[in-house]
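Trainee: My structure is below; once you've seen it, I'll send some questions.
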Amino acid sequence: MIQIGHCKRLLLALAGALLMVGTAQAARLGDIATFSGVRSNPLVGYGLVVGLGNTGDQTTQTPFTGQALKNMLTQLGVTVPPGTNMQLKNVAAVMVTAELPPFAGTGQQLDVTVSSVGNAKSLSGGTLLMTPLKGADGNIYALAQGNILAPGISASAGGSSVQVNQTGAGRIPEGATIERTVPTQLAMGGEIDLALKRADFNTALRTMNAINQAFGSDVATAKNSRTITLRAPVDEGAKVAFLARVQDLDVTPGQDVPRVVINSRTGSVVMNRNVTLNSAAIAHGSLSVVIDSNPIVSQPNALSGGQTAVVPNADISVQEGSGTLHTISESASLRQVVDALNRLGATPTDLMAILEALKSAGALNAELEII
């Protein structure tokens, strides 16, 4: 259970860290925006890992592993007699994923991630056989093969087992070779779009002004809160130099939207520095129902012919925590918000309910997002 004092320390540390930031600072344009068309593409493939030390798939429960191995052996000229029951322990079926970066050329290497899709206990020490990696269009863009580096270890004996980190997945550094490229064309028709990672009209306006100030008027035009169109040079070398200068410009982003993010699975509550509170009164109590089972053994008298029986017996108690009414004053800074919430003495679970109620009552000036 997370203690109340620990919750207060977390909120105070969060407030201190955000208040140190102060007002928004200038950011490098290349960090808050991307050029249209400059993107990576996901690749995926299905393959086999061999050489496992009796930690592979149980083929009776994962028939697709044996089927894939038979198909591969057939392609290599090895015929498996029909009806053969292959009891394999050192082979595992896996999914192989990778990211094809923009402007990647044929022959370059990619890091790949290998993940078990069956019931293999561990991929440590295994070797991925040649696996085609396909894009969303179904074309093969890379071939993956190599020895797997798994981050965890596992061991079992006599009915006991121990596992450290994840053993069902691993990586192969530079384990794939690019066989096909994705054409990326910049500045078609002499124009290219600059897309902000976070849509904001103030940021778009400041970005347009900063570019026009550096290169002259009418170079940049803001279309909306996210997209700024740039007039780029036609010459390839001049185009690259122009885009390099653009992404190195400093732009002060617009003010963030007040937001509170709640993770209901972990009990985490995070809020940015723009969150404020209006005056409100809060009463929050807890209701707990405790059921204590105390079965009674009924023993019959001697020679009575009865049988010993267990009679169920349960004690039920209901406890309601104090719900004293607390007032919170109007706040203009994150630290004041944190101090007001800490004075309520709420646990993280209670805090989530209080913030939701404050939002419904109109006292929380922020967007409430639950993940």
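Chain identifiers are assigned as A, B, and so on, following the order in which chains appear in the structure tokens; residues are numbered from 1 within each chain, and ligands are numbered from 1 in order of appearance.
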Which residues are near range 107-124 of chain A? Cut-off 7 Å, only C-alpha atoms, ignore same chain within fewer than 5 positions. Put them as a PyMOL selection string.

Mentor: chain A and resi 52+55-58+62+92-98+148-150+167-179

Trainee: Could you give me, as an MDAnalysis selection string, the residues within 8 Å of Thr221 in chain A, counting only C-alpha atoms and dropping anything in the same chain fewer than 5 positions from it?

Mentor: chainID A and resid 208 228:230

Trainee: Enumerate the residues of range 12-256 of chain A with a DSSP assignment of helix (DSSP H, G or I), computed from the backbone, and present them as a PDB file with N, CA, C and O atoms, in the first residue's frame.

Mentor:
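Output below, filename out_18.pdb:
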ATOM      1  N   LEU A  12       5.037  16.878  -4.008  1.00  0.00           N
ATOM      2  CA  LEU A  12       5.902  18.024  -3.780  1.00  0.00           C
ATOM      3  C   LEU A  12       7.110  18.003  -4.698  1.00  0.00           C
ATOM      4  O   LEU A  12       7.545  19.040  -5.209  1.00  0.00           O
ATOM      5  N   ALA A  13       7.678  16.799  -4.914  1.00  0.00           N
ATOM      6  CA  ALA A  13       8.816  16.699  -5.830  1.00  0.00           C
ATOM      7  C   ALA A  13       8.402  17.062  -7.249  1.00  0.00           C
ATOM      8  O   ALA A  13       9.139  17.731  -7.976  1.00  0.00           O
ATOM      9  N   LEU A  14       7.198  16.613  -7.645  1.00  0.00           N
ATOM     10  CA  LEU A  14       6.696  16.951  -8.984  1.00  0.00           C
ATOM     11  C   LEU A  14       6.501  18.450  -9.122  1.00  0.00           C
ATOM     12  O   LEU A  14       6.885  19.058 -10.126  1.00  0.00           O
ATOM     13  N   ALA A  15       5.943  19.081  -8.096  1.00  0.00           N
ATOM     14  CA  ALA A  15       5.730  20.522  -8.148  1.00  0.00           C
ATOM     15  C   ALA A  15       7.046  21.271  -8.222  1.00  0.00           C
ATOM     16  O   ALA A  15       7.206  22.218  -8.993  1.00  0.00           O
ATOM     17  N   GLY A  16       8.021  20.851  -7.411  1.00  0.00           N
ATOM     18  CA  GLY A  16       9.310  21.521  -7.428  1.00  0.00           C
ATOM     19  C   GLY A  16       9.994  21.415  -8.763  1.00  0.00           C
ATOM     20  O   GLY A  16      10.576  22.385  -9.263  1.00  0.00           O
ATOM     21  N   ALA A  17       9.923  20.224  -9.384  1.00  0.00           N
ATOM     22  CA  ALA A  17      10.594  20.037 -10.676  1.00  0.00           C
ATOM     23  C   ALA A  17       9.952  20.888 -11.759  1.00  0.00           C
ATOM     24  O   ALA A  17      10.640  21.479 -12.599  1.00  0.00           O
ATOM     25  N   LEU A  18       8.613  20.980 -11.751  1.00  0.00           N
ATOM     26  CA  LEU A  18       7.939  21.758 -12.782  1.00  0.00           C
ATOM     27  C   LEU A  18       8.083  23.256 -12.555  1.00  0.00           C
ATOM     28  O   LEU A  18       8.198  24.028 -13.504  1.00  0.00           O
ATOM     29  N   LEU A  19       8.120  23.684 -11.303  1.00  0.00           N
ATOM     30  CA  LEU A  19       8.258  25.113 -11.035  1.00  0.00           C
ATOM     31  C   LEU A  19       9.646  25.622 -11.387  1.00  0.00           C
ATOM     32  O   LEU A  19       9.839  26.797 -11.682  1.00  0.00           O
ATOM     33  N   MET A  20      10.650  24.723 -11.342  1.00  0.00           N
ATOM     34  CA  MET A  20      11.997  25.117 -11.727  1.00  0.00           C
ATOM     35  C   MET A  20      12.056  25.469 -13.202  1.00  0.00           C
ATOM     36  O   MET A  20      12.898  26.245 -13.646  1.00  0.00           O
ATOM     37  N   VAL A  21      11.121  24.878 -14.000  1.00  0.00           N
ATOM     38  CA  VAL A  21      11.116  25.159 -15.426  1.00  0.00           C
ATOM     39  C   VAL A  21      10.674  26.585 -15.706  1.00  0.00           C
ATOM     40  O   VAL A  21      11.174  27.251 -16.616  1.00  0.00           O
ATOM     41  N   LEU A  29      13.696  23.823 -33.222  1.00  0.00           N
ATOM     42  CA  LEU A  29      12.555  23.494 -34.068  1.00  0.00           C
ATOM     43  C   LEU A  29      12.573  22.038 -34.501  1.00  0.00           C
ATOM     44  O   LEU A  29      11.513  21.411 -34.649  1.00  0.00           O
ATOM     45  N   GLY A  30      13.758  21.459 -34.710  1.00  0.00           N
ATOM     46  CA  GLY A  30      13.847  20.057 -35.096  1.00  0.00           C
ATOM     47  C   GLY A  30      13.373  19.103 -34.016  1.00  0.00           C
ATOM     48  O   GLY A  30      13.088  17.935 -34.303  1.00  0.00           O
ATOM     49  N   ASP A  31      13.266  19.604 -32.762  1.00  0.00           N
ATOM     50  CA  ASP A  31      12.798  18.758 -31.660  1.00  0.00           C
ATOM     51  C   ASP A  31      11.289  18.811 -31.476  1.00  0.00           C
ATOM     52  O   ASP A  31      10.718  17.919 -30.839  1.00  0.00           O
ATOM     53  N   ILE A  32      10.644  19.843 -31.992  1.00  0.00           N
ATOM     54  CA  ILE A  32       9.196  19.981 -31.786  1.00  0.00           C
ATOM     55  C   ILE A  32       8.414  19.857 -33.085  1.00  0.00           C
ATOM     56  O   ILE A  32       7.185  19.969 -33.073  1.00  0.00           O
ATOM     57  N   PRO A  63       1.261 -26.333 -33.021  1.00  0.00           N
ATOM     58  CA  PRO A  63       1.468 -27.039 -34.286  1.00  0.00           C
ATOM     59  C   PRO A  63       2.032 -26.170 -35.391  1.00  0.00           C
ATOM     60  O   PRO A  63       2.647 -26.676 -36.323  1.00  0.00           O
ATOM     61  N   PHE A  64       1.855 -24.844 -35.288  1.00  0.00           N
ATOM     62  CA  PHE A  64       2.369 -23.973 -36.343  1.00  0.00           C
ATOM     63  C   PHE A  64       3.894 -23.966 -36.379  1.00  0.00           C
ATOM     64  O   PHE A  64       4.490 -23.695 -37.416  1.00  0.00           O
ATOM     65  N   THR A  65       4.542 -24.290 -35.243  1.00  0.00           N
ATOM     66  CA  THR A  65       6.004 -24.354 -35.236  1.00  0.00           C
ATOM     67  C   THR A  65       6.489 -25.511 -36.090  1.00  0.00           C
ATOM     68  O   THR A  65       7.401 -25.365 -36.919  1.00  0.00           O
ATOM     69  N   GLY A  66       5.888 -26.700 -35.892  1.00  0.00           N
ATOM     70  CA  GLY A  66       6.265 -27.847 -36.703  1.00  0.00           C
ATOM     71  C   GLY A  66       5.937 -27.653 -38.169  1.00  0.00           C
ATOM     72  O   GLY A  66       6.703 -28.057 -39.054  1.00  0.00           O
ATOM     73  N   GLN A  67       4.809 -27.010 -38.456  1.00  0.00           N
ATOM     74  CA  GLN A  67       4.424 -26.760 -39.841  1.00  0.00           C
ATOM     75  C   GLN A  67       5.423 -25.831 -40.525  1.00  0.00           C
ATOM     76  O   GLN A  67       5.828 -26.059 -41.669  1.00  0.00           O
ATOM     77  N   ALA A  68       5.832 -24.771 -39.814  1.00  0.00           N
ATOM     78  CA  ALA A  68       6.796 -23.844 -40.395  1.00  0.00           C
ATOM     79  C   ALA A  68       8.138 -24.525 -40.629  1.00  0.00           C
ATOM     80  O   ALA A  68       8.804 -24.276 -41.647  1.00  0.00           O
ATOM     81  N   LEU A  69       8.546 -25.406 -39.717  1.00  0.00           N
ATOM     82  CA  LEU A  69       9.817 -26.105 -39.893  1.00  0.00           C
ATOM     83  C   LEU A  69       9.757 -27.058 -41.082  1.00  0.00           C
ATOM     84  O   LEU A  69      10.717 -27.163 -41.862  1.00  0.00           O
ATOM     85  N   LYS A  70       8.633 -27.759 -41.254  1.00  0.00           N
ATOM     86  CA  LYS A  70       8.485 -28.656 -42.399  1.00  0.00           C
ATOM     87  C   LYS A  70       8.560 -27.877 -43.711  1.00  0.00           C
ATOM     88  O   LYS A  70       9.216 -28.314 -44.665  1.00  0.00           O
ATOM     89  N   ASN A  71       7.898 -26.731 -43.769  1.00  0.00           N
ATOM     90  CA  ASN A  71       7.935 -25.926 -44.983  1.00  0.00           C
ATOM     91  C   ASN A  71       9.351 -25.464 -45.295  1.00  0.00           C
ATOM     92  O   ASN A  71       9.789 -25.467 -46.447  1.00  0.00           O
ATOM     93  N   MET A  72      10.092 -25.073 -44.255  1.00  0.00           N
ATOM     94  CA  MET A  72      11.456 -24.618 -44.467  1.00  0.00           C
ATOM     95  C   MET A  72      12.351 -25.755 -44.931  1.00  0.00           C
ATOM     96  O   MET A  72      13.176 -25.600 -45.843  1.00  0.00           O
ATOM     97  N   LEU A  73      12.188 -26.923 -44.331  1.00  0.00           N
ATOM     98  CA  LEU A  73      13.006 -28.077 -44.736  1.00  0.00           C
ATOM     99  C   LEU A  73      12.687 -28.486 -46.171  1.00  0.00           C
ATOM    100  O   LEU A  73      13.574 -28.883 -46.925  1.00  0.00           O
ATOM    101  N   THR A  74      11.410 -28.382 -46.542  1.00  0.00           N
ATOM    102  CA  THR A  74      11.028 -28.714 -47.915  1.00  0.00           C
ATOM    103  C   THR A  74      11.708 -27.781 -48.910  1.00  0.00           C
ATOM    104  O   THR A  74      12.186 -28.208 -49.973  1.00  0.00           O
ATOM    105  N   GLN A  75      11.770 -26.500 -48.591  1.00  0.00           N
ATOM    106  CA  GLN A  75      12.425 -25.534 -49.467  1.00  0.00           C
ATOM    107  C   GLN A  75      13.920 -25.803 -49.582  1.00  0.00           C
ATOM    108  O   GLN A  75      14.546 -25.480 -50.589  1.00  0.00           O
ATOM    109  N   MET A 188       8.347  18.561 -52.965  1.00  0.00           N
ATOM    110  CA  MET A 188       7.736  18.382 -54.269  1.00  0.00           C
ATOM    111  C   MET A 188       7.100  19.704 -54.724  1.00  0.00           C
ATOM    112  O   MET A 188       6.326  20.329 -53.996  1.00  0.00           O
ATOM    113  N   GLY A 189       7.441  20.139 -55.931  1.00  0.00           N
ATOM    114  CA  GLY A 189       6.932  21.400 -56.437  1.00  0.00           C
ATOM    115  C   GLY A 189       7.519  22.602 -55.742  1.00  0.00           C
ATOM    116  O   GLY A 189       6.933  23.689 -55.780  1.00  0.00           O
ATOM    117  N   GLY A 190       8.661  22.412 -55.084  1.00  0.00           N
ATOM    118  CA  GLY A 190       9.308  23.534 -54.400  1.00  0.00           C
ATOM    119  C   GLY A 190       8.733  23.855 -53.047  1.00  0.00           C
ATOM    120  O   GLY A 190       9.116  24.858 -52.431  1.00  0.00           O
ATOM    121  N   PHE A 201      -1.788  26.968 -32.070  1.00  0.00           N
ATOM    122  CA  PHE A 201      -1.776  28.117 -32.975  1.00  0.00           C
ATOM    123  C   PHE A 201      -0.643  29.088 -32.636  1.00  0.00           C
ATOM    124  O   PHE A 201      -0.010  29.652 -33.534  1.00  0.00           O
ATOM    125  N   ASN A 202      -0.376  29.293 -31.347  1.00  0.00           N
ATOM    126  CA  ASN A 202       0.705  30.200 -30.962  1.00  0.00           C
ATOM    127  C   ASN A 202       2.054  29.672 -31.431  1.00  0.00           C
ATOM    128  O   ASN A 202       2.892  30.425 -31.942  1.00  0.00           O
ATOM    129  N   THR A 203       2.278  28.367 -31.258  1.00  0.00           N
ATOM    130  CA  THR A 203       3.540  27.780 -31.703  1.00  0.00           C
ATOM    131  C   THR A 203       3.675  27.862 -33.212  1.00  0.00           C
ATOM    132  O   THR A 203       4.760  28.155 -33.736  1.00  0.00           O
ATOM    133  N   ALA A 204       2.582  27.613 -33.946  1.00  0.00           N
ATOM    134  CA  ALA A 204       2.627  27.704 -35.406  1.00  0.00           C
ATOM    135  C   ALA A 204       2.934  29.131 -35.855  1.00  0.00           C
ATOM    136  O   ALA A 204       3.735  29.351 -36.785  1.00  0.00           O
ATOM    137  N   LEU A 205       2.331  30.124 -35.195  1.00  0.00           N
ATOM    138  CA  LEU A 205       2.584  31.520 -35.559  1.00  0.00           C
ATOM    139  C   LEU A 205       4.028  31.904 -35.274  1.00  0.00           C
ATOM    140  O   LEU A 205       4.684  32.566 -36.097  1.00  0.00           O
ATOM    141  N   ARG A 206       4.536  31.489 -34.113  1.00  0.00           N
ATOM    142  CA  ARG A 206       5.914  31.827 -33.756  1.00  0.00           C
ATOM    143  C   ARG A 206       6.900  31.112 -34.681  1.00  0.00           C
ATOM    144  O   ARG A 206       7.947  31.666 -35.024  1.00  0.00           O
ATOM    145  N   THR A 207       6.575  29.910 -35.088  1.00  0.00           N
ATOM    146  CA  THR A 207       7.440  29.189 -36.017  1.00  0.00           C
ATOM    147  C   THR A 207       7.488  29.895 -37.378  1.00  0.00           C
ATOM    148  O   THR A 207       8.556  30.073 -37.965  1.00  0.00           O
ATOM    149  N   MET A 208       6.327  30.298 -37.881  1.00  0.00           N
ATOM    150  CA  MET A 208       6.284  31.014 -39.153  1.00  0.00           C
ATOM    151  C   MET A 208       7.083  32.308 -39.085  1.00  0.00           C
ATOM    152  O   MET A 208       7.876  32.620 -39.990  1.00  0.00           O
ATOM    153  N   ASN A 209       6.928  33.062 -38.004  1.00  0.00           N
ATOM    154  CA  ASN A 209       7.645  34.328 -37.867  1.00  0.00           C
ATOM    155  C   ASN A 209       9.154  34.104 -37.753  1.00  0.00           C
ATOM    156  O   ASN A 209       9.942  34.871 -38.322  1.00  0.00           O
ATOM    157  N   ALA A 210       9.563  33.075 -37.029  1.00  0.00           N
ATOM    158  CA  ALA A 210      10.993  32.811 -36.865  1.00  0.00           C
ATOM    159  C   ALA A 210      11.641  32.427 -38.192  1.00  0.00           C
ATOM    160  O   ALA A 210      12.765  32.865 -38.497  1.00  0.00           O
ATOM    161  N   ILE A 211      10.943  31.623 -39.005  1.00  0.00           N
ATOM    162  CA  ILE A 211      11.499  31.213 -40.301  1.00  0.00           C
ATOM    163  C   ILE A 211      11.559  32.401 -41.256  1.00  0.00           C
ATOM    164  O   ILE A 211      12.560  32.615 -41.952  1.00  0.00           O
ATOM    165  N   ASN A 212      10.496  33.185 -41.302  1.00  0.00           N
ATOM    166  CA  ASN A 212      10.488  34.350 -42.187  1.00  0.00           C
ATOM    167  C   ASN A 212      11.523  35.390 -41.759  1.00  0.00           C
ATOM    168  O   ASN A 212      12.093  36.104 -42.592  1.00  0.00           O
ATOM    169  N   GLN A 213      11.765  35.480 -40.461  1.00  0.00           N
ATOM    170  CA  GLN A 213      12.767  36.423 -39.972  1.00  0.00           C
ATOM    171  C   GLN A 213      14.172  35.973 -40.364  1.00  0.00           C
ATOM    172  O   GLN A 213      15.054  36.799 -40.616  1.00  0.00           O
ATOM    173  N   ALA A 214      14.378  34.657 -40.439  1.00  0.00           N
ATOM    174  CA  ALA A 214      15.705  34.138 -40.751  1.00  0.00           C
ATOM    175  C   ALA A 214      15.960  34.071 -42.251  1.00  0.00           C
ATOM    176  O   ALA A 214      17.109  34.228 -42.692  1.00  0.00           O
ATOM    177  N   PHE A 215      14.928  33.855 -43.069  1.00  0.00           N
ATOM    178  CA  PHE A 215      15.133  33.636 -44.508  1.00  0.00           C
ATOM    179  C   PHE A 215      14.447  34.683 -45.378  1.00  0.00           C
ATOM    180  O   PHE A 215      14.554  34.636 -46.596  1.00  0.00           O
ATOM    181  N   GLU A 236      19.223  20.375 -55.006  1.00  0.00           N
ATOM    182  CA  GLU A 236      19.243  19.389 -53.913  1.00  0.00           C
ATOM    183  C   GLU A 236      20.173  19.818 -52.779  1.00  0.00           C
ATOM    184  O   GLU A 236      19.819  19.723 -51.605  1.00  0.00           O
ATOM    185  N   GLY A 237      21.374  20.273 -53.123  1.00  0.00           N
ATOM    186  CA  GLY A 237      22.296  20.690 -52.084  1.00  0.00           C
ATOM    187  C   GLY A 237      21.789  21.885 -51.301  1.00  0.00           C
ATOM    188  O   GLY A 237      21.879  21.922 -50.060  1.00  0.00           O
ATOM    189  N   ALA A 238      21.252  22.871 -52.003  1.00  0.00           N
ATOM    190  CA  ALA A 238      20.713  24.037 -51.324  1.00  0.00           C
ATOM    191  C   ALA A 238      19.494  23.669 -50.481  1.00  0.00           C
ATOM    192  O   ALA A 238      19.251  24.255 -49.421  1.00  0.00           O
ATOM    193  N   LYS A 239      18.719  22.683 -50.940  1.00  0.00           N
ATOM    194  CA  LYS A 239      17.544  22.237 -50.195  1.00  0.00           C
ATOM    195  C   LYS A 239      17.944  21.632 -48.855  1.00  0.00           C
ATOM    196  O   LYS A 239      17.342  21.933 -47.816  1.00  0.00           O
ATOM    197  N   VAL A 240      18.970  20.777 -48.864  1.00  0.00           N
ATOM    198  CA  VAL A 240      19.430  20.152 -47.621  1.00  0.00           C
ATOM    199  C   VAL A 240      19.958  21.208 -46.655  1.00  0.00           C
ATOM    200  O   VAL A 240      19.673  21.179 -45.450  1.00  0.00           O
ATOM    201  N   ALA A 241      20.738  22.183 -47.182  1.00  0.00           N
ATOM    202  CA  ALA A 241      21.256  23.246 -46.327  1.00  0.00           C
ATOM    203  C   ALA A 241      20.124  24.085 -45.742  1.00  0.00           C
ATOM    204  O   ALA A 241      20.164  24.478 -44.564  1.00  0.00           O
ATOM    205  N   PHE A 242      19.083  24.336 -46.557  1.00  0.00           N
ATOM    206  CA  PHE A 242      17.937  25.112 -46.084  1.00  0.00           C
ATOM    207  C   PHE A 242      17.214  24.386 -44.950  1.00  0.00           C
ATOM    208  O   PHE A 242      16.911  24.978 -43.903  1.00  0.00           O
ATOM    209  N   LEU A 243      16.940  23.093 -45.135  1.00  0.00           N
ATOM    210  CA  LEU A 243      16.223  22.327 -44.104  1.00  0.00           C
ATOM    211  C   LEU A 243      17.061  22.183 -42.843  1.00  0.00           C
ATOM    212  O   LEU A 243      16.523  22.165 -41.726  1.00  0.00           O
ATOM    213  N   ALA A 244      18.385  22.086 -42.986  1.00  0.00           N
ATOM    214  CA  ALA A 244      19.254  21.989 -41.817  1.00  0.00           C
ATOM    215  C   ALA A 244      19.196  23.275 -40.992  1.00  0.00           C
ATOM    216  O   ALA A 244      19.158  23.232 -39.757  1.00  0.00           O
ATOM    217  N   ARG A 245      19.177  24.416 -41.667  1.00  0.00           N
ATOM    218  CA  ARG A 245      19.079  25.683 -40.950  1.00  0.00           C
ATOM    219  C   ARG A 245      17.707  25.851 -40.292  1.00  0.00           C
ATOM    220  O   ARG A 245      17.599  26.392 -39.185  1.00  0.00           O
ATOM    221  N   VAL A 246      16.670  25.385 -40.990  1.00  0.00           N
ATOM    222  CA  VAL A 246      15.317  25.504 -40.424  1.00  0.00           C
ATOM    223  C   VAL A 246      15.197  24.724 -39.128  1.00  0.00           C
ATOM    224  O   VAL A 246      14.669  25.237 -38.124  1.00  0.00           O
ATOM    225  N   GLN A 247      15.669  23.489 -39.107  1.00  0.00           N
ATOM    226  CA  GLN A 247      15.499  22.672 -37.908  1.00  0.00           C
ATOM    227  C   GLN A 247      16.375  23.120 -36.744  1.00  0.00           C
ATOM    228  O   GLN A 247      16.149  22.708 -35.607  1.00  0.00           O
TER     229      GLN A 247
END

Trainee: In terms of the shortest atom-to-atom distance over only C-alpha atoms, which of A:Val80, A:Val38, A:Met86, A:Leu48 is closest to Gln145 in chain A?

Mentor: A:Leu48

Trainee: Kindly indicate which residue among A:Val78, A:Leu129, A:Ala340, A:Ala33 lies nearest to Gly47 in chain A, using only C-alpha atoms for the distances.

Mentor: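 Under the stated criterion, the closest residue is A:Leu129.
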
Trainee: Give the strand (DSSP E or B) residues of range 210-249 of chain A, as assigned by DSSP on the backbone, as a PDB file with C-alpha atoms, in the first residue's frame.

Mentor:
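Result saved to out_17.pdb:
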ATOM      1  CA  ALA A 220       6.880  30.146 -44.428  1.00  0.00           C
ATOM      2  CA  THR A 221       3.070  30.168 -44.303  1.00  0.00           C
ATOM      3  CA  ALA A 222       1.110  28.679 -41.394  1.00  0.00           C
ATOM      4  CA  THR A 227       1.218  22.617 -40.472  1.00  0.00           C
ATOM      5  CA  ILE A 228       3.572  25.303 -41.818  1.00  0.00           C
ATOM      6  CA  THR A 229       4.335  25.260 -45.554  1.00  0.00           C
ATOM      7  CA  LEU A 230       7.883  26.223 -46.595  1.00  0.00           C
ATOM      8  CA  ARG A 231       9.161  27.365 -49.987  1.00  0.00           C
TER       9      ARG A 231
END

Trainee: How many Å separate CA of Thr106 in chain A from CA of Val49 in chain A?

Mentor: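 For CA of Thr106 in chain A relative to CA of Val49 in chain A, the distance reads 25.2 Å.
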
Trainee: Measuring atom to atom with only C-alpha atoms, identify which of A:Gly146, A:Pro253, A:Pro81, A:Pro300 is nearest to Arg28 in chain A.

Mentor: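 Closest to Arg28 in chain A of all the choices is A:Pro253.
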
Trainee: Residues near range 262-264 of chain A, anyone? I mean within 8 Å using only C-alpha atoms, not counting same-chain ones fewer than 6 positions away, as a ChimeraX atom specification.

Mentor: /A:270,352,368-371

Trainee: Atoms to include: all heavy atoms. Write the selected residues as an mmCIF file, in the first residue's frame.

Mentor:
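The new file out-v4.cif reads:
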data_model
loop_
_atom_site.group_PDB
_atom_site.id
_atom_site.type_symbol
_atom_site.label_atom_id
_atom_site.label_comp_id
_atom_site.auth_asym_id
_atom_site.auth_seq_id
_atom_site.Cartn_x
_atom_site.Cartn_y
_atom_site.Cartn_z
ATOM 1 N N VAL A 270 -0.225 12.708 -12.506
ATOM 2 C CA VAL A 270 0.746 13.674 -13.013
ATOM 3 C C VAL A 270 -0.004 14.871 -13.552
ATOM 4 O O VAL A 270 -1.009 14.723 -14.257
ATOM 5 C CB VAL A 270 1.629 13.052 -14.129
ATOM 6 C CG1 VAL A 270 2.622 14.079 -14.661
ATOM 7 C CG2 VAL A 270 2.379 11.834 -13.599
ATOM 8 N N MET A 352 -7.329 10.355 -6.955
ATOM 9 C CA MET A 352 -7.927 10.217 -8.285
ATOM 10 C C MET A 352 -9.420 10.513 -8.227
ATOM 11 O O MET A 352 -9.967 11.205 -9.104
ATOM 12 C CB MET A 352 -7.670 8.799 -8.823
ATOM 13 C CG MET A 352 -6.216 8.549 -9.215
ATOM 14 S SD MET A 352 -5.960 6.971 -10.043
ATOM 15 C CE MET A 352 -6.127 5.839 -8.662
ATOM 16 N N LEU A 368 -8.825 16.462 -17.798
ATOM 17 C CA LEU A 368 -8.581 15.249 -17.029
ATOM 18 C C LEU A 368 -8.481 14.074 -17.995
ATOM 19 O O LEU A 368 -9.428 13.765 -18.725
ATOM 20 C CB LEU A 368 -9.722 15.021 -16.029
ATOM 21 C CG LEU A 368 -9.479 13.985 -14.936
ATOM 22 C CD1 LEU A 368 -8.304 14.367 -14.066
ATOM 23 C CD2 LEU A 368 -10.737 13.823 -14.081
ATOM 24 N N GLU A 369 -7.320 13.433 -18.018
ATOM 25 C CA GLU A 369 -7.087 12.315 -18.936
ATOM 26 C C GLU A 369 -6.768 11.059 -18.124
ATOM 27 O O GLU A 369 -5.888 11.073 -17.267
ATOM 28 C CB GLU A 369 -5.921 12.635 -19.873
ATOM 29 C CG GLU A 369 -5.619 11.519 -20.876
ATOM 30 C CD GLU A 369 -4.477 11.891 -21.818
ATOM 31 O OE1 GLU A 369 -4.047 13.053 -21.826
ATOM 32 O OE2 GLU A 369 -4.010 10.981 -22.537
ATOM 33 N N ILE A 370 -7.502 10.000 -18.388
ATOM 34 C CA ILE A 370 -7.310 8.723 -17.694
ATOM 35 C C ILE A 370 -6.739 7.722 -18.665
ATOM 36 O O ILE A 370 -7.303 7.480 -19.734
ATOM 37 C CB ILE A 370 -8.632 8.202 -17.097
ATOM 38 C CG1 ILE A 370 -9.214 9.231 -16.120
ATOM 39 C CG2 ILE A 370 -8.428 6.862 -16.409
ATOM 40 C CD1 ILE A 370 -10.558 8.843 -15.552
ATOM 41 N N ILE A 371 -5.591 7.134 -18.314
ATOM 42 C CA ILE A 371 -4.934 6.156 -19.187
ATOM 43 C C ILE A 371 -4.866 4.826 -18.502
ATOM 44 O O ILE A 371 -5.113 4.691 -17.324
ATOM 45 C CB ILE A 371 -3.512 6.641 -19.575
ATOM 46 C CG1 ILE A 371 -2.637 6.803 -18.335
ATOM 47 C CG2 ILE A 371 -3.560 7.937 -20.354
ATOM 48 C CD1 ILE A 371 -1.198 7.159 -18.667
#

Trainee: Could you check how far CA of Arg198 in chain A sits from CA of Gly254 in chain A, in Å to one decimal?

Mentor: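 These atoms are spaced 9.8 Å apart.
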
Trainee: Which is closer to Gly267 in chain A than all the others in A:Leu128, A:Ala353, A:Ala26, A:Ala136, using only C-alpha atoms?

Mentor: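 With only C-alpha atoms as the atom set, the closest residue is A:Ala353.
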
Trainee: Given only C-alpha atoms as the basis, pick out the residue of A:Glu99, A:Asp193, A:Glu330, A:Glu367 nearest to Ser279 in chain A.

Mentor: A:Glu330

Trainee: Do you have the CA of Ser333 in chain A-CA of Arg259 in chain A distance handy?

Mentor: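 Taking CA of Ser333 in chain A and CA of Arg259 in chain A, their separation equals 13.3 Å.
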
Trainee: Closest to Leu143 in chain A among A:Ser268, A:Gln185, A:Val44, A:Ala199, using only C-alpha atoms?

Mentor: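 Comparing A:Ser268, A:Gln185, A:Val44, A:Ala199 against Leu143 in chain A, the winner is A:Val44.
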